[in-house]
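S.K.: One structure is given below, represented as structure tokens, and several questions about it will come after.
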Amino acid sequence: MKQFIHAYDTIITVEKLLKAWEEFVRDKKKRKDVILFQAKLMDNIFELFNDLKKKTYRHGGYLAFNISDPKPRQIHKATVRDRLLHHLIYRELYGYFDSKFIHDSYSCRIDKGTHKAINRFRDFFRKVSKNNTKTCFVLKCDIRKFFASIDHVILKNILEKNITDKNILWLLSQVIDSFSSNPTGKTYGVRGLPLGNLTSQLLVNIYMNEFDHFVKRELKVKYYIRYADDFVILQNDKMKLRDILSKISLFLNENLKLSLHPDKVFIKTFASGVDFLGWVHFSKHRILRTVTKNRMLKNLAKSPKPETVQSYLGMLSHGNAHKLSSVCKLFEHMR
């Protein structure tokens with residue numbers, strides 16, 4: 001198996017830390033913690049570099065805060081120093097791991113995203129239904145408490161299969177073990193990655209890549225799409241999907257210590273309307289999910305900035321939303 005060949009000393013350099021800083025600071029220059037760090041930038045860079053070189057680096061704590069868009073979540077924000085390191089790790093590891101991911105994994109990847117995922121979903125429907133001449137069934141699943149359930153030992157074992165450099169593994173352990181959703185770890189082992197870390201986005205994809213390859217290689221599923229903890233499988237045979245469901249549930253539980261959300265698993269026909277990634281998909285059209293529509297209108301009423309309006313118009317262009325687009329445009333003239 002092809003492994004990550006770069007050594008720790010080639011990754012941890014002042015030059016690469018400065019490059020990571022340029023990317024990190026791009027849209028954060030007015031934030032107080034960033035301003036303070038930048039006031040003594042080179043001192044801070046060299047201090048971090050020396051700690052990493054000597055392996056005396058220890059990840060700091062997190063500032064927790066809640067958001068409710070689109071649903072209630074708790075975000076954990078690391079210090080500027082640690083987030084700078086997250087950017088460096090992400091830059092150095094992304095290319096290698098992205099090359100190992102399946103084509104139809106769409107979350108937090110360059111040239112992927114929700115729009116490409118929903119278009120792929122439509123294309124899969126057309127293939128399975130033979131251009132809407134046969135019934136297409138969809139198995140839709142969601143993983144329960146996804147980020148909070150990532151098992152640290154399992155994640156580290158997956159990383160060890162791909163990375164031989166012990167120092168890189170040590171560094172990744174510092175980041176992984178900096179957070180836990182169950183600090184005691186008495187029942188299941190230490191679990192959880194923080195929503196808010198750039199590294200978390202990559203690490204959950206690395207974790208779920210085990211599942212993706214199980215679905216594609218072991219179960220031989222042809223029409224499968226995953227976006228983070230949300231995934232769909234399309235088939236003509238409803239009984240086949242039930243069989244697949246039992247196998248994937250067992251794999252997730254035994255191999256990754258994950259479980260499917262009992263209220264968010266269903267098998268239904270595509271024609272009856274499938275809710276996936278903010279849109280309800282039908283055979284010949286897709287409409288915006290009601291919750292997504294209400295959130296958009298609420299945000300526009302609160303802040304009808306031209307850039308916000310244009311962002312939503314871009315989103316609406318991917319579905320059948322002519323009336324909503326017209327309403328959206330009205331907000332631009334309310335300023």
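The way I read the labels, and the way they are meant: chains A, B, ... in the order of the structure tokens, residue 1 as the first residue of every chain, and ligand 1 as the first ligand shown, with later ones counted on from there.
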A:Val280: which residues within 10 Å, counting only C-alpha atoms, same-chain residues fewer than 6 positions away excluded, as a count of residues only?

M.R.: 10

S.K.: Considering only C-alpha atoms, return as a PyMOL selection string whatever protein or nucleic-acid residues lie within 7 Å of stretch 165-175 of chain A, sequence-local ones (same chain, fewer than 6 positions apart) excluded.

M.R.: chain A and resi 7-8+58-59

S.K.: Give me the residues near A:Ser246 as a ChimeraX atom specification, where near means some atom within 12 Å (using only C-alpha atoms) and where sequence neighbours in that chain fewer than 4 positions away do not count.

M.R.: /A:139,141,219,239-242,250-253,259-260,265

S.K.: Keeping C-alpha atoms, export the residues of the selection given above as a CSV table (one decimal), in the first residue's frame.

M.R.:
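Produced file again.csv, reproduced below:
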```
chain,number,residue,atom,x,y,z
A,139,LEU,CA,-31.5,4.1,1.1
A,141,CYS,CA,-28.7,7.2,6.3
A,219,LEU,CA,-20.5,-4.8,-0.9
A,239,MET,CA,-34.9,-6.0,-0.5
A,240,LYS,CA,-31.3,-5.6,-1.6
A,241,LEU,CA,-31.2,-2.2,0.1
A,242,ARG,CA,-32.5,-3.8,3.3
A,250,LEU,CA,-22.8,-3.9,11.5
A,251,PHE,CA,-19.6,-2.6,9.9
A,252,LEU,CA,-20.0,0.9,11.3
A,253,ASN,CA,-20.7,-0.5,14.8
A,259,SER,CA,-24.2,4.0,14.9
A,260,LEU,CA,-26.9,5.1,12.4
A,265,VAL,CA,-32.7,6.1,8.2
```

S.K.: Considering only alpha helix (DSSP H) as DSSP defines it on the backbone, what residues of stretch 87-335 of chain A qualify? List them as a ChimeraX atom specification.

M.R.: /A:87-98,114-128,152-162,166-176,198-213,238-256,290-302,306-316,322-332

S.K.: Using only C-alpha atoms, which protein or nucleic acid residues come within 7 Å of stretch 95-103 of chain A? Drop anything in the same chain fewer than 2 positions from it, and give the result as a list in words.

M.R.: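 Skipping anything fewer than 2 positions along the chain leaves Phe4, Leu93, Ser105, Asn209 and Asp212 of chain A.
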
S.K.: From the options A:Leu85, A:Leu202, A:Leu277, A:Ile163, which residue's atoms come nearest to A:Asp142, counting only C-alpha atoms?

M.R.: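 Ranked by minimum distance to A:Asp142, first place goes to A:Leu277.
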
S.K.: As JSON, numbers by chain, please: all residues of stretch 32-235 of chain A that backbone DSSP puts in strand (DSSP E or B).

M.R.: {"A": [62, 63, 64, 65, 66, 67, 73, 74, 75, 76, 77, 78, 105, 137, 138, 139, 140, 141, 142, 143, 151, 163, 191, 224, 225, 226, 227, 230, 231, 232, 233, 234, 235]}

S.K.: Please identify all polymer residues within 10 Å of A:Arg122, counting only C-alpha atoms, omitting same-chain residues fewer than 6 positions from it, and present them as a PyMOL selection string.

M.R.: chain A and resi 116+270+281-286

S.K.: Within 12 Å of A:Glu47, counting only C-alpha atoms, which residues show up once you throw out same-chain ones fewer than 2 positions away? Write them as a PDB file with N, CA, C and O atoms, in the first residue's frame, please.

M.R.:
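Below is the file that was written, result_10.pdb:
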```
ATOM      1  N   THR A  13       8.934  23.296   9.174  1.00  0.00           N
ATOM      2  CA  THR A  13       9.940  24.309   8.853  1.00  0.00           C
ATOM      3  C   THR A  13       9.337  25.692   9.074  1.00  0.00           C
ATOM      4  O   THR A  13       8.104  25.858   9.028  1.00  0.00           O
ATOM      5  N   VAL A  14      10.191  26.674   9.283  1.00  0.00           N
ATOM      6  CA  VAL A  14       9.718  28.052   9.465  1.00  0.00           C
ATOM      7  C   VAL A  14       9.011  28.528   8.201  1.00  0.00           C
ATOM      8  O   VAL A  14       7.970  29.202   8.268  1.00  0.00           O
ATOM      9  N   LEU A  17       5.544  27.114   8.041  1.00  0.00           N
ATOM     10  CA  LEU A  17       4.686  27.756   9.039  1.00  0.00           C
ATOM     11  C   LEU A  17       4.250  29.140   8.558  1.00  0.00           C
ATOM     12  O   LEU A  17       3.092  29.540   8.746  1.00  0.00           O
ATOM     13  N   PHE A  37      -1.502  37.996  17.922  1.00  0.00           N
ATOM     14  CA  PHE A  37      -0.496  37.020  17.489  1.00  0.00           C
ATOM     15  C   PHE A  37       0.414  37.633  16.419  1.00  0.00           C
ATOM     16  O   PHE A  37       1.636  37.458  16.440  1.00  0.00           O
ATOM     17  N   LYS A  40       3.538  40.030  17.229  1.00  0.00           N
ATOM     18  CA  LYS A  40       4.851  39.418  17.468  1.00  0.00           C
ATOM     19  C   LYS A  40       4.963  38.142  16.630  1.00  0.00           C
ATOM     20  O   LYS A  40       5.308  37.073  17.130  1.00  0.00           O
ATOM     21  N   LEU A  41       4.663  38.307  15.343  1.00  0.00           N
ATOM     22  CA  LEU A  41       4.535  37.145  14.469  1.00  0.00           C
ATOM     23  C   LEU A  41       5.779  36.269  14.440  1.00  0.00           C
ATOM     24  O   LEU A  41       5.703  35.059  14.670  1.00  0.00           O
ATOM     25  N   MET A  42       6.930  36.851  14.154  1.00  0.00           N
ATOM     26  CA  MET A  42       8.130  36.025  14.005  1.00  0.00           C
ATOM     27  C   MET A  42       8.538  35.379  15.326  1.00  0.00           C
ATOM     28  O   MET A  42       8.986  34.224  15.346  1.00  0.00           O
ATOM     29  N   ASP A  43       8.364  36.095  16.420  1.00  0.00           N
ATOM     30  CA  ASP A  43       8.648  35.496  17.735  1.00  0.00           C
ATOM     31  C   ASP A  43       7.736  34.292  17.970  1.00  0.00           C
ATOM     32  O   ASP A  43       8.185  33.231  18.430  1.00  0.00           O
ATOM     33  N   ASN A  44       6.469  34.461  17.645  1.00  0.00           N
ATOM     34  CA  ASN A  44       5.502  33.374  17.842  1.00  0.00           C
ATOM     35  C   ASN A  44       5.771  32.194  16.907  1.00  0.00           C
ATOM     36  O   ASN A  44       5.646  31.028  17.301  1.00  0.00           O
ATOM     37  N   ILE A  45       6.134  32.497  15.657  1.00  0.00           N
ATOM     38  CA  ILE A  45       6.454  31.442  14.684  1.00  0.00           C
ATOM     39  C   ILE A  45       7.662  30.636  15.152  1.00  0.00           C
ATOM     40  O   ILE A  45       7.652  29.395  15.153  1.00  0.00           O
ATOM     41  N   PHE A  49       7.849  26.769  16.191  1.00  0.00           N
ATOM     42  CA  PHE A  49       8.791  25.922  15.456  1.00  0.00           C
ATOM     43  C   PHE A  49       9.720  25.165  16.414  1.00  0.00           C
ATOM     44  O   PHE A  49       9.919  23.952  16.283  1.00  0.00           O
ATOM     45  N   ASN A  50      10.273  25.871  17.380  1.00  0.00           N
ATOM     46  CA  ASN A  50      11.188  25.234  18.339  1.00  0.00           C
ATOM     47  C   ASN A  50      10.478  24.186  19.191  1.00  0.00           C
ATOM     48  O   ASN A  50      11.032  23.111  19.461  1.00  0.00           O
ATOM     49  N   ASP A  51       9.244  24.482  19.603  1.00  0.00           N
ATOM     50  CA  ASP A  51       8.485  23.505  20.389  1.00  0.00           C
ATOM     51  C   ASP A  51       8.199  22.244  19.572  1.00  0.00           C
ATOM     52  O   ASP A  51       8.241  21.128  20.103  1.00  0.00           O
ATOM     53  N   LEU A  52       7.916  22.450  18.293  1.00  0.00           N
ATOM     54  CA  LEU A  52       7.647  21.296  17.423  1.00  0.00           C
ATOM     55  C   LEU A  52       8.926  20.499  17.161  1.00  0.00           C
ATOM     56  O   LEU A  52       8.909  19.261  17.159  1.00  0.00           O
ATOM     57  N   LYS A  53      10.024  21.192  16.934  1.00  0.00           N
ATOM     58  CA  LYS A  53      11.309  20.523  16.680  1.00  0.00           C
ATOM     59  C   LYS A  53      11.751  19.702  17.887  1.00  0.00           C
ATOM     60  O   LYS A  53      12.248  18.576  17.757  1.00  0.00           O
ATOM     61  N   LYS A  54      11.591  20.278  19.079  1.00  0.00           N
ATOM     62  CA  LYS A  54      12.023  19.602  20.308  1.00  0.00           C
ATOM     63  C   LYS A  54      10.968  18.620  20.820  1.00  0.00           C
ATOM     64  O   LYS A  54      11.206  17.899  21.790  1.00  0.00           O
ATOM     65  N   LYS A  55       9.800  18.650  20.174  1.00  0.00           N
ATOM     66  CA  LYS A  55       8.661  17.823  20.586  1.00  0.00           C
ATOM     67  C   LYS A  55       8.209  18.156  22.012  1.00  0.00           C
ATOM     68  O   LYS A  55       7.783  17.280  22.768  1.00  0.00           O
ATOM     69  N   THR A  56       8.317  19.419  22.353  1.00  0.00           N
ATOM     70  CA  THR A  56       7.785  19.903  23.622  1.00  0.00           C
ATOM     71  C   THR A  56       6.430  20.584  23.414  1.00  0.00           C
ATOM     72  O   THR A  56       5.838  21.103  24.360  1.00  0.00           O
ATOM     73  N   TYR A  57       5.965  20.584  22.162  1.00  0.00           N
ATOM     74  CA  TYR A  57       4.676  21.203  21.828  1.00  0.00           C
ATOM     75  C   TYR A  57       3.529  20.471  22.530  1.00  0.00           C
ATOM     76  O   TYR A  57       3.482  19.238  22.543  1.00  0.00           O
ATOM     77  N   ARG A  81      -2.346  30.038  17.775  1.00  0.00           N
ATOM     78  CA  ARG A  81      -1.132  29.226  17.642  1.00  0.00           C
ATOM     79  C   ARG A  81      -1.483  27.808  17.176  1.00  0.00           C
ATOM     80  O   ARG A  81      -0.851  27.271  16.255  1.00  0.00           O
TER      81      ARG A  81
END
```

S.K.: Write out, as a Markdown table, each residue of stretch 84-157 of chain A that has an atom at most 12 Å from stretch 66-76 of chain A, together with the closest pair of atoms and their distance in Å to one decimal, counting only C-alpha atoms, rows going by chain and rising number.

M.R.:
```
| residue | atom | partner | partner_atom | distance |
| --- | --- | --- | --- | --- |
| A:Lys145 | CA | A:Arg73 | CA | 10.6 |
| A:Phe146 | CA | A:Arg73 | CA | 11.8 |
| A:Phe147 | CA | A:Arg73 | CA | 10.9 |
| A:Ala148 | CA | A:Gln74 | CA | 10.6 |
```

S.K.: How would the residues just chosen look if you wrote them out with N, CA and C atoms as an mmCIF file, in the first residue's frame?

M.R.:
```cif
data_model
loop_
_atom_site.group_PDB
_atom_site.id
_atom_site.type_symbol
_atom_site.label_atom_id
_atom_site.label_comp_id
_atom_site.auth_asym_id
_atom_site.auth_seq_id
_atom_site.Cartn_x
_atom_site.Cartn_y
_atom_site.Cartn_z
ATOM 1 N N LYS A 145 -24.530 11.467 16.136
ATOM 2 C CA LYS A 145 -23.469 12.199 16.838
ATOM 3 C C LYS A 145 -22.102 11.941 16.210
ATOM 4 N N PHE A 146 -21.985 12.300 14.961
ATOM 5 C CA PHE A 146 -20.842 11.930 14.125
ATOM 6 C C PHE A 146 -19.497 12.359 14.717
ATOM 7 N N PHE A 147 -19.262 13.662 14.825
ATOM 8 C CA PHE A 147 -17.960 14.151 15.306
ATOM 9 C C PHE A 147 -17.687 13.685 16.733
ATOM 10 N N ALA A 148 -18.717 13.656 17.559
ATOM 11 C CA ALA A 148 -18.550 13.275 18.963
ATOM 12 C C ALA A 148 -18.255 11.789 19.139
#
```

S.K.: Which residue is closest to A:Lys112? Choose from A:Met208, A:Arg226, A:Lys238, A:Lys302 and count only C-alpha atoms.

M.R.: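 Counting only C-alpha atoms, the residue closest to A:Lys112 is A:Arg226.
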
S.K.: Leaving out A:Gly196 and any residue of its chain fewer than 3 positions from it, which residues lie within 10 Å of it when counting only C-alpha atoms, given as a VMD selection string?

M.R.: chain A and resid 62 64 74 to 78 83 193 199 to 201

S.K.: Those selected residues, please, written with N, CA, C and O atoms and delivered as a PDB file, in the first residue's frame.

M.R.:
```pdb
ATOM      1  N   TYR A  62      -9.645  24.876  24.419  1.00  0.00           N
ATOM      2  CA  TYR A  62     -10.616  25.369  23.437  1.00  0.00           C
ATOM      3  C   TYR A  62     -11.592  26.345  24.091  1.00  0.00           C
ATOM      4  O   TYR A  62     -11.920  26.223  25.280  1.00  0.00           O
ATOM      5  N   ALA A  64     -15.398  27.236  23.863  1.00  0.00           N
ATOM      6  CA  ALA A  64     -16.635  26.632  23.351  1.00  0.00           C
ATOM      7  C   ALA A  64     -17.725  27.683  23.218  1.00  0.00           C
ATOM      8  O   ALA A  64     -17.879  28.554  24.069  1.00  0.00           O
ATOM      9  N   GLN A  74     -22.340  22.789  19.053  1.00  0.00           N
ATOM     10  CA  GLN A  74     -21.335  23.419  19.885  1.00  0.00           C
ATOM     11  C   GLN A  74     -20.006  23.423  19.132  1.00  0.00           C
ATOM     12  O   GLN A  74     -19.516  22.378  18.726  1.00  0.00           O
ATOM     13  N   ILE A  75     -19.462  24.614  18.938  1.00  0.00           N
ATOM     14  CA  ILE A  75     -18.197  24.787  18.233  1.00  0.00           C
ATOM     15  C   ILE A  75     -17.089  24.971  19.264  1.00  0.00           C
ATOM     16  O   ILE A  75     -17.274  25.656  20.271  1.00  0.00           O
ATOM     17  N   HIS A  76     -15.940  24.356  19.025  1.00  0.00           N
ATOM     18  CA  HIS A  76     -14.784  24.525  19.907  1.00  0.00           C
ATOM     19  C   HIS A  76     -13.665  25.203  19.117  1.00  0.00           C
ATOM     20  O   HIS A  76     -13.198  24.674  18.112  1.00  0.00           O
ATOM     21  N   LYS A  77     -13.280  26.380  19.591  1.00  0.00           N
ATOM     22  CA  LYS A  77     -12.286  27.199  18.900  1.00  0.00           C
ATOM     23  C   LYS A  77     -10.938  27.091  19.595  1.00  0.00           C
ATOM     24  O   LYS A  77     -10.811  27.379  20.784  1.00  0.00           O
ATOM     25  N   ALA A  78      -9.925  26.670  18.859  1.00  0.00           N
ATOM     26  CA  ALA A  78      -8.567  26.561  19.403  1.00  0.00           C
ATOM     27  C   ALA A  78      -7.888  27.930  19.375  1.00  0.00           C
ATOM     28  O   ALA A  78      -8.376  28.880  18.771  1.00  0.00           O
ATOM     29  N   ARG A  83      -4.361  26.794  15.779  1.00  0.00           N
ATOM     30  CA  ARG A  83      -5.034  26.807  14.476  1.00  0.00           C
ATOM     31  C   ARG A  83      -4.032  26.995  13.342  1.00  0.00           C
ATOM     32  O   ARG A  83      -4.231  26.481  12.238  1.00  0.00           O
ATOM     33  N   LEU A 193     -14.051  14.519  18.022  1.00  0.00           N
ATOM     34  CA  LEU A 193     -13.228  15.543  17.399  1.00  0.00           C
ATOM     35  C   LEU A 193     -14.011  16.845  17.446  1.00  0.00           C
ATOM     36  O   LEU A 193     -15.241  16.838  17.326  1.00  0.00           O
ATOM     37  N   THR A 199      -8.383  20.531  10.926  1.00  0.00           N
ATOM     38  CA  THR A 199      -7.902  19.145  10.879  1.00  0.00           C
ATOM     39  C   THR A 199      -9.040  18.151  11.060  1.00  0.00           C
ATOM     40  O   THR A 199      -8.990  17.042  10.517  1.00  0.00           O
ATOM     41  N   SER A 200     -10.073  18.520  11.805  1.00  0.00           N
ATOM     42  CA  SER A 200     -11.197  17.604  12.030  1.00  0.00           C
ATOM     43  C   SER A 200     -11.882  17.239  10.719  1.00  0.00           C
ATOM     44  O   SER A 200     -12.314  16.105  10.530  1.00  0.00           O
ATOM     45  N   GLN A 201     -11.973  18.213   9.811  1.00  0.00           N
ATOM     46  CA  GLN A 201     -12.615  17.958   8.519  1.00  0.00           C
ATOM     47  C   GLN A 201     -11.875  16.874   7.738  1.00  0.00           C
ATOM     48  O   GLN A 201     -12.488  15.999   7.116  1.00  0.00           O
TER      49      GLN A 201
END
```

S.K.: So what do you get for atom CA of A:Met296 versus atom CA of A:Phe231, distance-wise?

M.R.: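 Those two atoms sit 23.9 Å apart.
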
S.K.: Could you please determine the separation between atom CA of A:Pro194 and atom CA of A:His152 in Å, to one decimal place?

M.R.: 12.2 Å

S.K.: When you count only C-alpha atoms, which of these residues is closest to A:Tyr106: A:His261, A:Lys140, A:Arg120, A:His6?

M.R.: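 Ranked by minimum distance to A:Tyr106, first place goes to A:Arg120.
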